[in-house]
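Input: a single structure, listed below in structure tokens.
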Amino acid sequence: MTVLVTGVTGKTGKRVVESLVTRGVGVRALVRDIERGKMATLGMAVELALGDFDDQDSIASAATGCDGLYLVVSDSKEQVRRETDTARTAIKAAVEHIVKLSSSDAELRRSYWAVAHHDIELAVTNMYVGYSFIRPNYFMEGFLVLFKVNRAGDVTLEVPTGDGVISAIDTYDIGETAAALLAARIPLRHLPSRARNSGFSECWRYFRHLRGSSIRHSRDDFKRR
């Protein structure tokens, strides 16, 4: 079995590759830059295929001989066209199962990314292929950029959201979920990111516990204002 994985130099594609390799599944990684692809898959038995979403002939070549596809494309005005074209090309190449990284907002909001993901999902559901849509909301790694350190070494979690909550998932879990579905060839339409939402205050307490020292939460500034 071989799976074509896109986005290997991004947040989730690399994790999917790792999880597939661990399961003994053959991986072909679609990359625009061979050297970057080598760095992203260093130490893993992965075949690199040079290709571009705007060159469907390269997609067809990369997808030939693959049983599954992990599909993720960067947000842009061309996202819908690129993903739907790639899905169609992969199906023509005899790919049987597509796992697409979608968004928890699909069908629910009118933001451009939510609409794009919904349009792509709708297109894929009307194609003759097994499919799975993974719908995360927020990546756990995103919390790291919210921490600010001043010259004195004081750490602040800068999220003045009051009692706001969010559902978050680690990209490792995205990789495990996608790999499990692709390896087992089990189509499953929607996969939520988490069973419950977490407040930013809860996350702040967790990170403070891990660090073993004080971390200030800018929620206090929010309350004073």
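Each chain in the structure tokens gets a letter, A, B, ..., in the order shown, and its residues are numbered from 1; ligands are numbered from 1 in order too.
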
Extract, using only C-alpha atoms, all DNA, RNA and protein residues at most 12 Å from stretch 132-135 of chain A, discarding same-chain residues fewer than 3 positions from it, and format them as number ranges by chain. A: 12, 68-72, 96-108, 114, 117-118, 120-122, 124-125, 129, 138-139, 167-169, 171, 173-182, 184-194

As a ChimeraX atom specification, list the residues of chain A assigned to alpha helix (DSSP H) by DSSP on the backbone atoms of this structure. /A:13-22,34-40,56-63,79-92,112-125,171-184,200-211,219-224

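The residue that comes closest to A:Gly37, out of A:Val80, A:Cys66, A:Val8, A:Ile166 and on the basis of only C-alpha atoms, is A:Val8.
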
Pairwise distance for atom CA of A:Gly212 and atom CA of A:Val155, rounded to one decimal in Å: 12.1 Å

Determine, counting only C-alpha atoms, which protein, DNA and RNA residues have an atom within 8 Å of an atom of A:Ala183; residues of the same chain fewer than 4 positions away are not included. Present the result as an MDAnalysis selection string. chainID A and resid 20 23 25 179

With C-alpha atoms retained, could you export that selection as a short mmCIF file (atom, residue, chain, number, x, y, z; two decimals), in the first residue's frame?
```
data_model
loop_
_atom_site.label_atom_id
_atom_site.label_comp_id
_atom_site.auth_asym_id
_atom_site.auth_seq_id
_atom_site.Cartn_x
_atom_site.Cartn_y
_atom_site.Cartn_z
CA LEU A 20 2.17 6.14 8.14
CA ARG A 23 2.55 1.62 10.45
CA VAL A 25 2.72 2.02 4.94
CA ALA A 179 -2.75 7.56 9.08
#
```

What are the DSSP strand (DSSP E) residues of chain A, as a ChimeraX atom specification? /A:2-5,26-31,47-50,68-71,97-101,130-135,138-139,147-149,155-157,165-166,168-169,190-192,198-199,216-217
